[in-house]
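**Student:** Just so it is clear, I am handing over target.txt, which has compact mmCIF, C-alpha atoms.
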```
# COMPACT_ATOMS: atom_id res chain seq x y z
CA MET P 21 -4.89 21.66 -44.32
CA ALA P 22 -6.11 24.51 -42.10
CA THR P 23 -4.72 25.03 -38.60
CA PHE P 24 -6.24 26.75 -35.59
CA LEU P 25 -3.79 29.64 -36.09
CA ASP P 26 -5.10 30.64 -39.52
CA ILE P 27 -8.84 30.07 -39.20
CA ASN P 28 -10.96 31.93 -41.73
CA LEU P 29 -14.28 32.47 -40.00
CA PHE P 30 -16.16 32.90 -43.28
CA GLY P 31 -14.80 29.58 -44.56
CA LEU P 32 -15.34 27.81 -41.23
CA PHE P 33 -18.95 28.92 -40.81
CA GLY P 34 -19.61 28.18 -44.47
CA GLN P 35 -18.49 24.57 -43.98
CA LEU P 36 -20.51 24.34 -40.76
CA LEU P 37 -23.57 25.42 -42.73
CA VAL P 38 -22.90 22.75 -45.35
CA GLY P 39 -22.44 20.24 -42.55
CA LEU P 40 -25.74 21.21 -40.94
CA ILE P 41 -27.55 20.90 -44.27
CA ASN P 42 -26.08 17.45 -44.90
CA GLY P 43 -26.80 16.57 -41.28
CA SER P 44 -30.45 17.57 -41.74
CA PHE P 45 -30.82 15.04 -44.55
CA TYR P 46 -28.83 12.45 -42.60
CA ALA P 47 -31.18 12.94 -39.63
CA LEU P 48 -34.35 12.52 -41.72
CA LEU P 49 -33.11 9.41 -43.51
CA SER P 50 -31.59 7.91 -40.36
CA LEU P 51 -34.84 8.55 -38.50
CA GLY P 52 -36.80 6.63 -41.14
CA LEU P 53 -34.36 3.73 -40.97
CA ALA P 54 -34.38 3.74 -37.17
CA ILE P 55 -38.19 3.67 -37.05
CA ILE P 56 -38.39 0.80 -39.54
CA PHE P 57 -35.66 -1.26 -37.89
CA GLY P 58 -36.31 -0.31 -34.27
CA LEU P 59 -40.05 -0.99 -34.38
CA LEU P 60 -40.39 -3.52 -37.19
CA LYS P 61 -36.94 -5.18 -37.29
CA ILE P 62 -36.76 -4.66 -41.07
CA ILE P 63 -33.46 -3.60 -42.63
CA ASN P 64 -34.67 -1.31 -45.40
CA PHE P 65 -31.86 -1.01 -47.93
CA ALA P 66 -34.25 0.73 -50.35
CA GLN P 67 -34.41 3.89 -48.20
CA GLY P 68 -31.87 5.68 -50.41
CA ALA P 69 -33.75 4.75 -53.58
CA LEU P 70 -37.00 6.02 -52.05
CA TYR P 71 -35.24 9.28 -51.18
CA MET P 72 -34.25 9.50 -54.85
CA LEU P 73 -37.85 8.69 -55.79
CA GLY P 74 -39.06 11.61 -53.69
CA ALA P 75 -36.75 14.02 -55.52
CA PHE P 76 -37.80 12.66 -58.92
CA PHE P 77 -41.50 12.78 -58.03
CA ALA P 78 -41.11 16.45 -57.06
CA TRP P 79 -39.25 17.18 -60.32
CA MET P 80 -41.86 15.36 -62.43
CA ALA P 81 -44.75 16.97 -60.55
CA LEU P 82 -43.36 20.42 -61.33
CA ASN P 83 -42.39 19.80 -64.96
CA TYR P 84 -45.24 17.55 -66.09
CA MET P 85 -48.17 18.61 -63.90
CA GLY P 86 -47.30 22.11 -62.72
CA ILE P 87 -47.42 21.12 -59.04
CA ASN P 88 -45.25 23.55 -57.10
CA TYR P 89 -42.74 22.86 -54.35
CA TRP P 90 -45.10 23.45 -51.42
CA ALA P 91 -47.75 21.08 -52.73
CA ALA P 92 -45.07 18.51 -53.58
CA LEU P 93 -43.77 18.74 -50.02
CA ILE P 94 -47.12 17.31 -48.88
CA LEU P 95 -48.15 15.09 -51.79
CA VAL P 96 -44.83 13.40 -52.59
CA PRO P 97 -44.18 11.95 -49.08
CA ILE P 98 -47.73 10.56 -49.16
CA ALA P 99 -47.09 8.99 -52.60
CA VAL P 100 -43.73 7.54 -51.51
CA GLY P 101 -45.28 6.34 -48.25
CA PHE P 102 -48.02 4.59 -50.24
CA ILE P 103 -45.32 2.80 -52.26
CA GLY P 104 -43.80 1.76 -48.93
CA ILE P 105 -47.18 0.42 -47.80
CA LEU P 106 -47.38 -1.72 -50.96
CA MET P 107 -43.81 -2.93 -50.38
CA GLU P 108 -44.58 -4.01 -46.83
CA ARG P 109 -47.92 -5.60 -47.65
CA PHE P 110 -46.99 -7.62 -50.72
CA LEU P 111 -43.20 -8.10 -50.54
CA LEU P 112 -41.99 -7.88 -46.95
CA ARG P 113 -44.91 -9.37 -45.04
CA PRO P 114 -44.55 -12.83 -46.68
CA ILE P 115 -40.97 -13.04 -45.34
CA ALA P 116 -41.66 -11.30 -42.01
CA ASN P 117 -40.77 -14.39 -39.96
CA GLU P 118 -37.58 -15.14 -41.85
CA ASP P 119 -34.05 -14.01 -41.01
CA HIS P 120 -33.38 -10.25 -41.27
CA LEU P 121 -31.00 -10.99 -44.13
CA TYR P 122 -33.95 -11.76 -46.40
CA SER P 123 -35.49 -8.31 -45.99
CA LEU P 124 -32.06 -6.72 -46.52
CA LEU P 125 -31.53 -8.60 -49.77
CA LEU P 126 -35.07 -7.94 -50.97
CA THR P 127 -34.91 -4.19 -50.32
CA PHE P 128 -31.40 -4.03 -51.80
CA GLY P 129 -32.75 -5.65 -54.97
CA LEU P 130 -35.64 -3.17 -55.07
CA ALA P 131 -33.17 -0.30 -54.74
CA LEU P 132 -31.17 -1.59 -57.70
CA ILE P 133 -34.34 -2.00 -59.78
CA LEU P 134 -35.50 1.55 -59.01
CA GLN P 135 -32.10 3.05 -59.72
CA GLY P 136 -31.74 1.11 -62.95
CA ALA P 137 -35.24 2.03 -64.11
CA PHE P 138 -34.74 5.75 -63.52
CA THR P 139 -31.31 5.65 -65.14
CA HIS P 140 -32.90 4.07 -68.21
CA LEU P 141 -35.73 6.64 -68.29
CA PHE P 142 -33.84 9.83 -67.43
CA GLY P 143 -30.15 9.06 -67.92
CA SER P 144 -27.39 9.40 -65.36
CA SER P 145 -26.87 13.16 -65.63
CA GLY P 146 -28.55 15.24 -62.97
CA MET P 147 -31.47 17.63 -63.44
CA SER P 148 -32.12 20.91 -61.68
CA TYR P 149 -35.13 21.89 -59.58
CA ALA P 150 -35.70 25.59 -58.93
CA ILE P 151 -35.79 27.00 -55.41
CA PRO P 152 -39.32 28.28 -54.64
CA GLU P 153 -39.68 32.05 -55.02
CA GLU P 154 -40.58 32.51 -51.35
CA LEU P 155 -37.22 31.07 -50.24
CA LYS P 156 -34.86 32.72 -52.71
CA GLY P 157 -32.23 35.14 -51.45
CA GLY P 158 -30.70 35.14 -48.01
CA ASN P 159 -29.39 37.12 -45.06
CA ARG P 160 -25.90 38.35 -44.33
CA LEU P 161 -24.81 37.35 -40.85
CA PRO P 162 -21.64 38.56 -39.07
CA PHE P 163 -19.47 35.71 -40.35
CA MET P 164 -21.39 34.24 -43.27
CA TYR P 165 -24.14 34.59 -45.83
CA LEU P 166 -27.13 32.38 -44.99
CA PRO P 167 -29.34 31.47 -47.97
CA ASN P 168 -33.01 31.30 -47.02
CA TYR P 169 -33.54 27.87 -48.50
CA ARG P 170 -30.62 26.38 -46.55
CA ALA P 171 -32.06 27.81 -43.34
CA TRP P 172 -35.46 26.33 -44.25
CA ILE P 173 -33.93 22.86 -44.70
CA ILE P 174 -32.40 22.94 -41.22
CA ILE P 175 -35.53 24.30 -39.52
CA ALA P 176 -37.95 21.96 -41.33
CA SER P 177 -35.77 18.93 -40.63
CA ILE P 178 -35.52 19.71 -36.91
CA ILE P 179 -39.29 20.29 -36.64
CA VAL P 180 -40.16 17.03 -38.45
CA CYS P 181 -37.59 14.99 -36.50
CA ALA P 182 -38.59 16.46 -33.12
CA GLY P 183 -42.29 15.99 -33.88
CA THR P 184 -41.74 12.36 -34.91
CA TRP P 185 -39.70 11.64 -31.78
CA TYR P 186 -42.39 13.18 -29.58
CA MET P 187 -45.16 11.23 -31.31
CA ILE P 188 -43.38 7.90 -30.89
CA GLU P 189 -41.96 8.39 -27.40
CA LYS P 190 -44.47 10.60 -25.61
CA THR P 191 -47.98 10.01 -26.99
CA LYS P 192 -50.58 7.26 -26.57
CA LEU P 193 -50.36 6.56 -30.31
CA GLY P 194 -46.64 5.94 -29.96
CA ALA P 195 -47.26 3.67 -26.97
CA TYR P 196 -49.73 1.60 -29.00
CA LEU P 197 -47.24 1.47 -31.86
CA ARG P 198 -44.36 0.29 -29.66
CA ALA P 199 -46.55 -2.23 -27.84
CA GLY P 200 -47.99 -3.54 -31.09
CA THR P 201 -44.55 -4.32 -32.46
CA GLU P 202 -43.06 -5.63 -29.19
CA ASN P 203 -45.97 -7.86 -28.16
CA PRO P 204 -48.35 -8.25 -31.13
CA GLN P 205 -50.30 -11.20 -29.67
CA LEU P 206 -51.24 -9.25 -26.54
CA MET P 207 -52.28 -6.17 -28.52
CA GLN P 208 -54.37 -8.26 -30.92
CA ALA P 209 -56.13 -9.74 -27.88
CA PHE P 210 -57.16 -6.17 -26.99
CA GLY P 211 -58.59 -5.67 -30.48
CA ILE P 212 -55.68 -3.67 -31.95
CA ASN P 213 -55.05 -4.26 -35.66
CA VAL P 214 -51.31 -4.98 -35.42
CA PRO P 215 -50.73 -5.75 -39.14
CA LEU P 216 -52.22 -2.34 -39.99
CA ILE P 217 -49.93 -0.66 -37.45
CA VAL P 218 -46.91 -2.39 -38.98
CA THR P 219 -47.90 -1.38 -42.50
CA LEU P 220 -48.55 2.26 -41.60
CA THR P 221 -45.30 2.46 -39.60
CA PHE P 222 -43.31 1.22 -42.57
CA GLY P 223 -45.14 3.65 -44.84
CA PHE P 224 -44.37 6.54 -42.47
CA GLY P 225 -40.67 5.65 -42.27
CA VAL P 226 -40.50 5.50 -46.06
CA GLY P 227 -42.48 8.75 -46.34
CA LEU P 228 -39.72 10.51 -44.39
CA ALA P 229 -37.32 9.53 -47.19
CA GLY P 230 -39.74 11.02 -49.73
CA PHE P 231 -39.95 14.23 -47.69
CA ALA P 232 -36.15 14.46 -47.57
CA GLY P 233 -36.01 13.89 -51.33
CA VAL P 234 -38.34 16.83 -52.04
CA MET P 235 -36.26 19.13 -49.84
CA ALA P 236 -33.05 17.90 -51.47
CA ALA P 237 -34.23 18.51 -55.05
CA PRO P 238 -33.42 22.27 -55.12
CA VAL P 239 -30.04 21.73 -53.41
CA TYR P 240 -28.58 18.63 -55.01
CA SER P 241 -28.78 17.47 -58.58
CA VAL P 242 -31.81 15.19 -59.10
CA SER P 243 -30.23 12.00 -60.42
CA PRO P 244 -30.78 8.23 -60.16
CA ASP P 245 -27.66 7.68 -58.05
CA MET P 246 -28.33 10.39 -55.44
CA GLY P 247 -29.83 7.83 -53.08
CA SER P 248 -27.04 5.27 -53.34
CA ASN P 249 -24.47 7.98 -52.60
CA MET P 250 -26.31 8.82 -49.37
CA LEU P 251 -27.40 5.39 -48.16
CA ILE P 252 -24.08 3.95 -46.95
CA VAL P 253 -23.34 7.09 -44.95
CA VAL P 254 -26.82 7.01 -43.41
CA PHE P 255 -26.46 3.37 -42.40
CA ALA P 256 -23.15 4.22 -40.73
CA ILE P 257 -24.89 7.02 -38.83
CA VAL P 258 -27.66 4.67 -37.68
CA VAL P 259 -25.02 2.25 -36.39
CA ILE P 260 -23.20 5.07 -34.57
CA GLY P 261 -26.43 6.27 -32.94
CA GLY P 262 -27.59 2.76 -32.08
CA MET P 263 -29.74 0.56 -34.30
CA GLY P 264 -33.36 1.36 -33.60
CA SER P 265 -32.72 4.39 -31.38
CA ILE P 266 -35.08 7.15 -32.57
CA GLY P 267 -33.42 9.98 -30.66
CA GLY P 268 -29.98 8.59 -31.43
CA ALA P 269 -30.65 8.67 -35.17
CA ILE P 270 -31.68 12.34 -35.04
CA LEU P 271 -28.84 13.57 -32.83
CA THR P 272 -26.19 11.49 -34.57
CA GLY P 273 -27.38 12.55 -38.03
CA LEU P 274 -27.09 16.24 -37.18
CA GLY P 275 -23.86 15.72 -35.24
CA MET P 276 -22.13 13.75 -37.97
CA GLY P 277 -23.09 16.43 -40.49
CA VAL P 278 -21.29 19.01 -38.33
CA VAL P 279 -18.28 16.70 -37.87
CA GLU P 280 -18.14 16.20 -41.65
CA GLY P 281 -18.32 19.96 -42.21
CA LEU P 282 -15.51 20.67 -39.73
CA THR P 283 -13.38 17.95 -41.30
CA LYS P 284 -13.88 19.50 -44.75
CA TYR P 285 -12.43 22.73 -43.41
CA PHE P 286 -9.54 21.46 -41.28
CA TYR P 287 -8.57 18.30 -43.18
CA PRO P 288 -10.52 17.97 -46.47
CA GLU P 289 -8.81 14.70 -47.45
CA ALA P 290 -10.57 12.88 -44.60
CA SER P 291 -14.05 14.37 -45.11
CA THR P 292 -15.37 11.37 -47.05
CA THR P 293 -14.18 8.84 -44.49
CA VAL P 294 -14.51 10.60 -41.13
CA ILE P 295 -18.02 9.22 -40.44
CA PHE P 296 -16.82 5.66 -41.06
CA ALA P 297 -13.80 6.26 -38.82
CA VAL P 298 -16.16 7.43 -36.07
CA MET P 299 -18.30 4.32 -36.67
CA VAL P 300 -15.28 2.04 -36.18
CA ILE P 301 -14.28 3.81 -32.95
CA VAL P 302 -17.84 3.66 -31.59
CA LEU P 303 -18.24 -0.03 -32.43
CA LEU P 304 -14.94 -0.85 -30.72
CA THR P 305 -15.85 1.05 -27.55
CA LYS P 306 -19.65 0.78 -27.44
CA PRO P 307 -20.93 -1.96 -29.78
CA ALA P 308 -24.60 -1.05 -29.25
CA GLY P 309 -23.98 2.51 -30.46
CA LEU P 310 -23.95 5.82 -28.62
CA PHE P 311 -27.65 5.69 -27.73
CA GLY P 312 -28.36 2.00 -28.23
CA LYS P 313 -29.23 -0.48 -25.53
CA GLU P 314 -26.98 -3.44 -24.81
CA ALA P 315 -28.62 -6.75 -25.67
```
Translate the structure of the given file into structure tokens.

**Tutor:**
Amino acid sequence: MATFLDINLFGLFGQLLVGLINGSFYALLSLGLAIIFGLLKIINFAQGALYMLGAFFAWMALNYMGINYWAALILVPIAVGFIGILMERFLLRPIANEDHLYSLLLTFGLALILQGAFTHLFGSSGMSYAIPEELKGGNRLPFMYLPNYRAWIIIASIIVCAGTWYMIEKTKLGAYLRAGTENPQLMQAFGINVPLIVTLTFGFGVGLAGFAGVMAAPVYSVSPDMGSNMLIVVFAIVVIGGMGSIGGAILTGLGMGVVEGLTKYFYPEASTTVIFAVMVIVLLTKPAGLFGKEA
């Protein structure tokens, strides 16, 4: 266990970098969950499996079709988002008026099916995905070595998260989207196709998981269980930030990544549980979450 008297700056900044990278993925996945729950009131337990699907699609696109990383970064989120559209249209819409538990159980079952299918097809051992040539190497900073691809993950995640937040909270499209999910009868009276808005919103939230999966492929091992390992942590982060809070999901995802990184340096034994400990404290003191609204 490290103390403040014997801090190794190289080790500390290295763990902070790892925390920021993990936090970037937490933010993207939490954002997708927050959009889907906050706007549609659907608890999507398949988000982790769709993140895994994004990584596998990128790996298959490269190895079977020769599609490089940059093309996959555009095409794979669209493909995963289209799968989300089919999920919403044919599986979730028929139970839209039922209790939220039904959507949770349905998406949980889909996650198990996807994980089982990919385990059967590819096995449980992970597969590697090469870092694109343009992002190999890195830069030596005063207290650490910063690989280019790690810096790209952080920058790309912040840009996508900030752009999504701005679109939903500050644009006319976002206003239509929020109004269409909060008062669908009124919006339909004005000629707005609310079911289409719901479907596209779900597809977009799922597409964010696919985007995160493509970015994760060169960093983590591409394996069928990579999504299940991430999902529980991401749900805890969404609860900490406030269920349905778009900005809360982004800030909490990045913040909890940093907290996790610091914990790995100062007290490694608690690094796997610190986020859940924070969740318990937040729920005891602010049940709606840090950025959530009290009912």

**Student:** Counting only C-alpha atoms, which of P:Met72, P:Leu166, P:Leu36, P:Ala199 gets nearest to Leu59 (chain P)?

**Tutor:**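 Closest residue, counting only C-alpha atoms: P:Ala199.
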
**Student:** Any idea what the distance is between CA of Ala116 (chain P) and CA of Leu216 (chain P)?

**Tutor:** 14.0 Å

**Student:** What does the distance from CA of Val38 (chain P) to CA of Leu271 (chain P) come to in Å, to one decimal?

**Tutor:**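 Interatomic distance here is 16.6 Å.
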
**Student:** Which value, in Å to one decimal, gives the distance between CA of Ser265 (chain P) and CA of Leu73 (chain P)?

**Tutor:**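 CA of Leu73 (chain P) lies at a distance of 25.3 Å from CA of Ser265 (chain P).
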
**Student:** When distances are computed from all atoms listed in the file, which of P:Gln67, P:Ser177, P:Gln205, P:Ser145 shows the smallest separation from Ile270 (chain P)?

**Tutor:** P:Ser177

**Student:** Mind checking which residues fall within 9 Å of Gly281 (chain P), counting only C-alpha atoms, ignoring those fewer than 5 positions away in the same chain, and posting them as a ChimeraX atom specification?

**Tutor:** /P:32,34-40,42,276,286,291

**Student:** Find, counting all atoms listed in the file, the residue in P:Ile105, P:Val239, P:Val96, P:Leu125 that gets nearest to Asn168 (chain P).

**Tutor:**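 Closest to Asn168 (chain P), using all atoms listed in the file: P:Val239.
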
**Student:** At a cut-off of 10 Å, using all atoms listed in the file, what residues contact Ala99 (chain P)? Leave out same-chain residues fewer than 5 positions from it and give the result as a compact mmCIF listing (two decimals) with C-alpha atoms, keeping the file's coordinate frame.

**Tutor:**
```txt
# COMPACT_ATOMS: atom_id res chain seq x y z
CA LEU P 73 -37.85 8.69 -55.79
CA GLY P 74 -39.06 11.61 -53.69
CA PHE P 77 -41.50 12.78 -58.03
CA ALA P 92 -45.07 18.51 -53.58
CA ILE P 94 -47.12 17.31 -48.88
CA GLY P 104 -43.80 1.76 -48.93
CA ILE P 105 -47.18 0.42 -47.80
CA GLY P 223 -45.14 3.65 -44.84
CA VAL P 226 -40.50 5.50 -46.06
CA GLY P 227 -42.48 8.75 -46.34
CA GLY P 230 -39.74 11.02 -49.73
```

**Student:** Which one is closest to Phe110 (chain P): P:Met80, P:Phe163, P:Met263, P:Thr219? Count only C-alpha atoms.

**Tutor:**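 Selected residue with least distance to Phe110 (chain P): P:Thr219.
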
**Student:** Closest to Tyr46 (chain P) among P:Ala308, P:Leu282, P:Ile260, P:Ala269, using all atoms listed in the file?

**Tutor:**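 Between P:Ala308, P:Leu282, P:Ile260, P:Ala269, the residue approaching Tyr46 (chain P) most closely is P:Ala269.
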
**Student:** Could you check which of P:Glu108, P:Thr272, P:Gly143, P:Ser241 is closest to Leu126 (chain P), using all atoms listed in the file?

**Tutor:**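 Smallest distance to Leu126 (chain P) is found for P:Glu108.
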
**Student:** Taking (-38.5, 23.4, -60.3) in the file's own coordinates, collect the residues within 9 Å, counting only C-alpha atoms, and hand them back as a PyMOL selection string.

**Tutor:** chain P and resi 78-83+88-89+148-152+237-238

**Student:** Where does region 118-151 of chain P meet region 246-256 of chain P within 12 Å, residue by residue, with the nearest atom pair and distance in Å to one decimal for each, counting all atoms listed in the file, listed by chain and rising number, as a tab-separated table?

**Tutor:**
```
residue	atom	partner	partner_atom	distance
P:Phe128	CA	P:Ser248	CA	10.4
P:Ala131	CA	P:Ser248	CA	8.4
P:Leu132	CA	P:Ser248	CA	9.1
P:Leu134	CA	P:Gly247	CA	10.3
P:Gln135	CA	P:Ser248	CA	8.4
P:Gly136	CA	P:Ser248	CA	11.5
P:Phe138	CA	P:Met246	CA	11.3
P:Thr139	CA	P:Met246	CA	11.2
P:Ser144	CA	P:Met246	CA	10.0
P:Ser145	CA	P:Met246	CA	10.7
P:Gly146	CA	P:Met246	CA	9.0
P:Met147	CA	P:Met246	CA	11.2
```

**Student:** What lies within 8 Å of region 180-192 of chain P using all atoms listed in the file, ignoring chain neighbours under 4 positions off, as JSON, numbers by chain?

**Tutor:** {"P": [47, 48, 51, 176, 196, 197, 198, 266, 267, 270]}
